[in-house]
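Okay, query_9.cif now, which holds mmCIF, C-alpha atoms:
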```
data_protein
loop_
_atom_site.label_atom_id
_atom_site.label_comp_id
_atom_site.auth_asym_id
_atom_site.auth_seq_id
_atom_site.Cartn_x
_atom_site.Cartn_y
_atom_site.Cartn_z
CA MET A 290 40.63 10.53 36.30
CA ILE A 291 38.29 13.00 34.57
CA PHE A 292 35.76 11.82 31.98
CA LYS A 293 34.49 14.19 29.35
CA LEU A 294 30.77 13.85 28.64
CA ASP A 295 30.12 13.95 24.91
CA LEU A 296 27.02 16.06 24.34
CA GLU A 297 27.33 16.31 20.58
CA SER A 298 24.21 15.45 18.66
CA PRO A 299 24.20 12.29 16.53
CA ASN A 300 23.87 14.51 13.44
CA GLU A 301 27.21 16.11 14.27
CA ARG A 302 28.87 12.72 14.78
CA TYR A 303 27.27 11.03 11.75
CA ALA A 304 27.25 13.29 8.71
CA ALA A 305 24.93 10.93 6.81
CA LEU A 306 22.12 11.77 9.24
CA THR A 307 21.94 15.30 7.84
CA LEU A 308 20.99 13.90 4.42
CA SER A 309 17.48 13.54 3.04
CA ASP A 310 15.92 10.09 3.34
CA GLU A 311 16.67 9.40 -0.34
CA LYS A 312 20.33 10.43 0.02
CA LEU A 313 20.67 8.50 3.29
CA LEU A 314 19.42 5.38 1.52
CA GLU A 315 21.98 5.98 -1.25
CA GLU A 316 24.69 6.31 1.41
CA ILE A 317 23.61 2.99 2.97
CA PHE A 318 23.69 1.28 -0.42
CA SER A 319 27.16 2.67 -1.04
CA LEU A 320 28.33 1.46 2.36
CA LEU A 321 26.87 -2.00 1.69
CA SER A 322 28.59 -2.15 -1.71
CA SER A 323 31.94 -1.43 -0.15
CA SER A 324 31.42 -3.62 2.94
CA VAL A 325 30.13 -6.92 1.55
CA ASN A 326 32.59 -9.23 -0.16
CA PRO A 327 31.73 -9.11 -3.89
CA LEU A 328 32.64 -12.80 -4.21
CA ALA A 329 30.01 -13.78 -1.62
CA ASN A 330 27.08 -15.11 -3.61
CA PRO A 331 23.63 -14.41 -2.11
CA TYR A 332 22.14 -16.92 -4.61
CA GLY A 333 24.56 -19.69 -3.61
CA ASP A 334 24.14 -22.53 -1.16
CA ASP A 335 27.69 -22.34 0.18
CA GLY A 336 26.96 -19.92 3.05
CA SER A 337 29.47 -17.36 1.76
CA PHE A 338 27.03 -14.46 1.80
CA ALA A 339 25.90 -15.06 5.40
CA ALA A 340 29.56 -15.43 6.42
CA SER A 341 30.49 -12.21 4.63
CA ILE A 342 27.86 -10.08 6.34
CA SER A 343 28.45 -11.61 9.78
CA ARG A 344 31.33 -9.20 10.39
CA LEU A 345 29.27 -6.04 9.80
CA PRO A 346 27.84 -3.81 12.52
CA VAL A 347 24.48 -5.26 13.60
CA GLY A 348 22.32 -2.69 11.78
CA LEU A 349 24.29 -2.77 8.55
CA ARG A 350 24.24 -6.56 8.76
CA ALA A 351 20.43 -6.46 9.05
CA MET A 352 20.27 -4.25 5.98
CA ALA A 353 22.57 -6.51 3.96
CA ALA A 354 20.46 -9.50 4.96
CA THR A 355 17.10 -7.92 4.07
CA HIS A 356 18.03 -6.19 0.81
CA HIS A 357 17.30 -9.19 -1.41
CA LEU A 358 13.98 -9.78 0.34
CA ASP A 359 12.86 -6.26 -0.55
CA ILE A 360 13.64 -7.00 -4.19
CA SER A 361 11.88 -10.39 -4.00
CA LEU A 362 8.75 -8.76 -2.63
CA THR A 363 8.77 -6.40 -5.60
CA LEU A 364 9.24 -9.13 -8.21
CA ASP A 365 7.92 -12.38 -6.75
CA ASP A 366 5.99 -13.82 -3.86
CA LEU A 367 7.39 -14.54 -0.42
CA GLY A 368 7.80 -18.26 -1.05
CA TRP A 369 9.65 -17.82 -4.34
CA HIS A 370 12.26 -15.79 -2.45
CA PHE A 371 13.57 -19.04 -0.95
CA LEU A 372 14.15 -20.58 -4.37
CA ASN A 373 16.70 -17.81 -4.96
CA PHE A 374 17.89 -17.10 -1.42
CA GLY A 375 17.17 -20.25 0.56
CA GLU A 376 20.59 -21.02 2.03
CA PRO A 377 19.79 -21.68 5.73
CA GLY A 378 22.43 -19.31 7.12
CA PHE A 379 21.21 -16.49 4.88
CA VAL A 380 17.60 -17.22 5.85
CA ARG A 381 18.54 -16.99 9.55
CA GLU A 382 20.36 -13.70 8.90
CA THR A 383 17.34 -12.32 7.03
CA GLU A 384 14.88 -13.22 9.78
CA ALA A 385 17.21 -11.80 12.45
CA GLY A 386 17.71 -8.69 10.29
CA LEU A 387 13.97 -8.11 10.00
CA ARG A 388 13.66 -8.35 13.78
CA GLU A 389 16.63 -6.01 14.34
CA LEU A 390 14.97 -3.47 12.05
CA GLY A 391 11.75 -3.70 14.07
CA LEU A 392 9.83 -5.64 11.41
CA ASN A 393 8.72 -8.45 13.71
CA LYS A 394 5.47 -9.26 11.94
CA MET A 395 7.28 -9.43 8.61
CA ALA A 396 9.85 -11.73 10.23
CA ASP A 397 7.00 -14.01 11.33
CA TRP A 398 5.50 -14.04 7.82
CA PHE A 399 8.95 -14.70 6.37
CA ALA A 400 9.50 -17.63 8.76
CA GLY A 401 6.03 -18.97 7.93
CA ALA A 402 6.75 -18.96 4.21
CA TYR A 403 10.12 -20.61 4.78
CA ALA A 404 8.44 -23.37 6.80
CA ILE A 405 6.10 -24.04 3.86
CA VAL A 406 8.65 -23.96 1.04
CA THR A 407 11.64 -25.71 2.61
CA PRO A 408 10.12 -29.21 2.95
CA LEU A 409 8.96 -29.00 -0.68
CA ARG A 410 12.20 -27.64 -2.12
CA LEU A 411 13.41 -30.91 -3.68
CA GLU A 412 9.99 -31.57 -5.18
CA ILE A 413 9.80 -28.02 -6.54
CA ASP A 414 13.27 -28.35 -8.06
CA ALA A 415 12.44 -31.75 -9.58
CA SER A 416 9.11 -30.65 -11.07
CA GLY A 417 10.29 -27.21 -12.13
CA ASP A 418 6.84 -25.85 -11.27
CA TYR A 419 6.76 -23.95 -7.99
CA TYR A 420 3.14 -22.82 -8.32
CA GLU A 421 1.79 -26.25 -9.23
CA CYS A 422 3.70 -27.93 -6.41
CA LEU A 423 2.45 -25.50 -3.77
CA THR A 424 -1.09 -25.69 -5.17
CA GLN A 425 -1.07 -29.51 -5.10
CA HIS A 426 0.03 -29.44 -1.45
CA GLY A 427 -2.60 -26.85 -0.56
CA HIS A 428 -0.10 -24.12 0.34
CA MET A 429 -0.43 -21.55 -2.45
CA ASP A 430 -3.27 -19.64 -0.75
CA ARG A 431 -1.21 -19.32 2.44
CA ILE A 432 1.86 -18.11 0.50
CA ASP A 433 -0.36 -15.56 -1.27
CA GLU A 434 -1.74 -14.40 2.10
CA LEU A 435 1.75 -14.06 3.64
CA THR A 436 2.93 -12.16 0.57
CA ARG A 437 -0.02 -9.74 0.73
CA LYS A 438 0.79 -9.03 4.36
CA ALA A 439 4.50 -8.52 3.67
CA ARG A 440 3.90 -6.40 0.57
CA PRO A 441 1.35 -3.77 1.52
CA LYS A 442 -0.22 -1.51 -1.10
CA LEU A 443 1.80 1.69 -1.12
CA PRO A 444 1.46 4.94 -2.99
CA LYS A 445 3.40 4.98 -6.24
CA GLY A 446 7.01 6.01 -5.71
CA SER A 447 7.08 5.30 -1.98
CA LYS A 448 9.61 3.01 -0.35
CA GLY A 449 8.57 -0.45 0.71
CA PRO A 450 8.50 -1.37 4.39
CA ILE A 451 12.03 -2.78 4.40
CA TYR A 452 13.86 0.21 2.92
CA SER A 453 11.69 2.55 4.99
CA ALA A 454 12.76 0.61 8.09
CA TRP A 455 16.41 1.03 7.05
CA ILE A 456 16.05 4.80 7.08
CA THR A 457 14.22 4.85 10.41
CA TYR A 458 16.75 2.48 11.95
CA ALA A 459 19.79 4.39 10.65
CA ARG A 460 18.47 7.63 12.12
CA ALA A 461 17.73 5.98 15.48
CA HIS A 462 20.86 3.79 15.71
CA PRO A 463 23.58 5.26 13.48
CA GLU A 464 26.32 3.55 15.48
CA ASN A 465 24.83 0.17 14.47
CA VAL A 466 25.00 1.10 10.80
CA PHE A 467 28.00 3.37 10.35
CA GLY A 468 30.05 2.09 13.29
CA LYS A 469 31.47 4.24 16.04
CA GLN A 470 32.34 7.61 14.54
CA MET A 471 34.98 9.77 16.13
CA PRO A 472 33.98 13.36 16.85
#
```
Mind turning this structure into structure tokens?
Amino acid sequence: MIFKLDLESPNERYAALTLSDEKLLEEIFSLLSSSVNPLANPYGDDGSFAASISRLPVGLRAMAATHHLDISLTLDDLGWHFLNFGEPGFVRETEAGLRELGLNKMADWFAGAYAIVTPLRLEIDASGDYYECLTQHGHMDRIDELTRKARPKLPKGSKGPIYSAWITYARAHPENVFGKQMP
């Protein structure tokens, strides 16, 4: 039996890699939109979103799992993220996704914030005052610190660390994002 060695460059096998970073990110968003079940609710507690993304290639799965965290870091603090996206399966997927993307420190900060917020979730829901609850328990300063670490100051118009990691990861591991492409 004779095996043919494939010496094609990844750019030839994955057309998206020839795109600019901005266009590559658009391509990833498009792929996510068409790959994740639109009925799977990332805000829900039923586990449907984590189940929906579990079938994706490992890199695309990491991107689907971390997308909402990037938005949360833009709008809220790291602890508040879990009030919107605190379903345990989704949280596990997000932490694993951060690690897959090479964002290990961010994954640690994420896990730290989750460990603070989760035991207080019922109290936060009952009081309706997240900030007061965390302040009363002496945790607000730590949440602020974790958020500052996870949300570095960036030049205006630049991508945050999560979307930047998507681009880097897609270029390094296109098969884990776009699947096995046939030459």
Since I can't run it myself right now, could you work out what the PyMOL selection byres ((chain A and resi 371) around 10) selects here and report it as a list of chain:residue names?
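The output of the PyMOL selection byres ((chain A and resi 371) around 10) on this file is A:Tyr332, A:Leu358, A:Ser361, A:Asp366, A:Leu367, A:Gly368, A:Trp369, A:His370, A:Leu372, A:Asn373, A:Phe374, A:Gly375, A:Glu376, A:Pro377, A:Phe379, A:Val380, A:Phe399, A:Ala402, A:Tyr403, A:Val406, A:Thr407, A:Arg410.
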Using all atoms listed in the file, find the one residue out of A:Ala396, A:Leu435, A:Ile405, A:Met352 that sits nearest to Leu314 in chain A.
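Of A:Ala396, A:Leu435, A:Ile405, A:Met352, the one nearest Leu314 in chain A is A:Met352, counting all atoms listed in the file.
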Determine, counting only C-alpha atoms, which protein, DNA and RNA residues have an atom within 9 Å of an atom of Trp455 in chain A; residues of the same chain fewer than 5 positions away are not included. Present the result as a PyMOL selection string.
chain A and resi 314+317+348-349+351-352+390+450+460
Would you please work out which residue, of A:Arg302, A:Arg350, A:Lys312, A:Lys448, is nearest to Glu389 in chain A when using only C-alpha atoms?
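Of the candidates, the smallest distance to Glu389 in chain A is held by A:Arg350.
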Which is closer to Thr424 in chain A than all the others in A:Tyr458, A:Thr383, A:Leu409, A:Lys438, using only C-alpha atoms?
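Smallest separation from Thr424 in chain A among the options: A:Leu409.
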Could you spell out the hits of the PyMOL selection byres ((chain A and resi 324) around 10) on the shown file, as a PDB file with C-alpha atoms, keeping the file's coordinate frame?
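Below is the file part-v9.pdb, written as the result:
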```pdb
ATOM      1  CA  PHE A 318      23.690   1.280  -0.420  1.00  0.00           C
ATOM      2  CA  SER A 319      27.160   2.670  -1.040  1.00  0.00           C
ATOM      3  CA  LEU A 320      28.330   1.460   2.360  1.00  0.00           C
ATOM      4  CA  LEU A 321      26.870  -2.000   1.690  1.00  0.00           C
ATOM      5  CA  SER A 322      28.590  -2.150  -1.710  1.00  0.00           C
ATOM      6  CA  SER A 323      31.940  -1.430  -0.150  1.00  0.00           C
ATOM      7  CA  VAL A 325      30.130  -6.920   1.550  1.00  0.00           C
ATOM      8  CA  ASN A 326      32.590  -9.230  -0.160  1.00  0.00           C
ATOM      9  CA  PRO A 327      31.730  -9.110  -3.890  1.00  0.00           C
ATOM     10  CA  SER A 341      30.490 -12.210   4.630  1.00  0.00           C
ATOM     11  CA  ILE A 342      27.860 -10.080   6.340  1.00  0.00           C
ATOM     12  CA  ARG A 344      31.330  -9.200  10.390  1.00  0.00           C
ATOM     13  CA  LEU A 345      29.270  -6.040   9.800  1.00  0.00           C
ATOM     14  CA  LEU A 349      24.290  -2.770   8.550  1.00  0.00           C
ATOM     15  CA  ARG A 350      24.240  -6.560   8.760  1.00  0.00           C
ATOM     16  CA  ALA A 353      22.570  -6.510   3.960  1.00  0.00           C
TER      17      ALA A 353
END
```
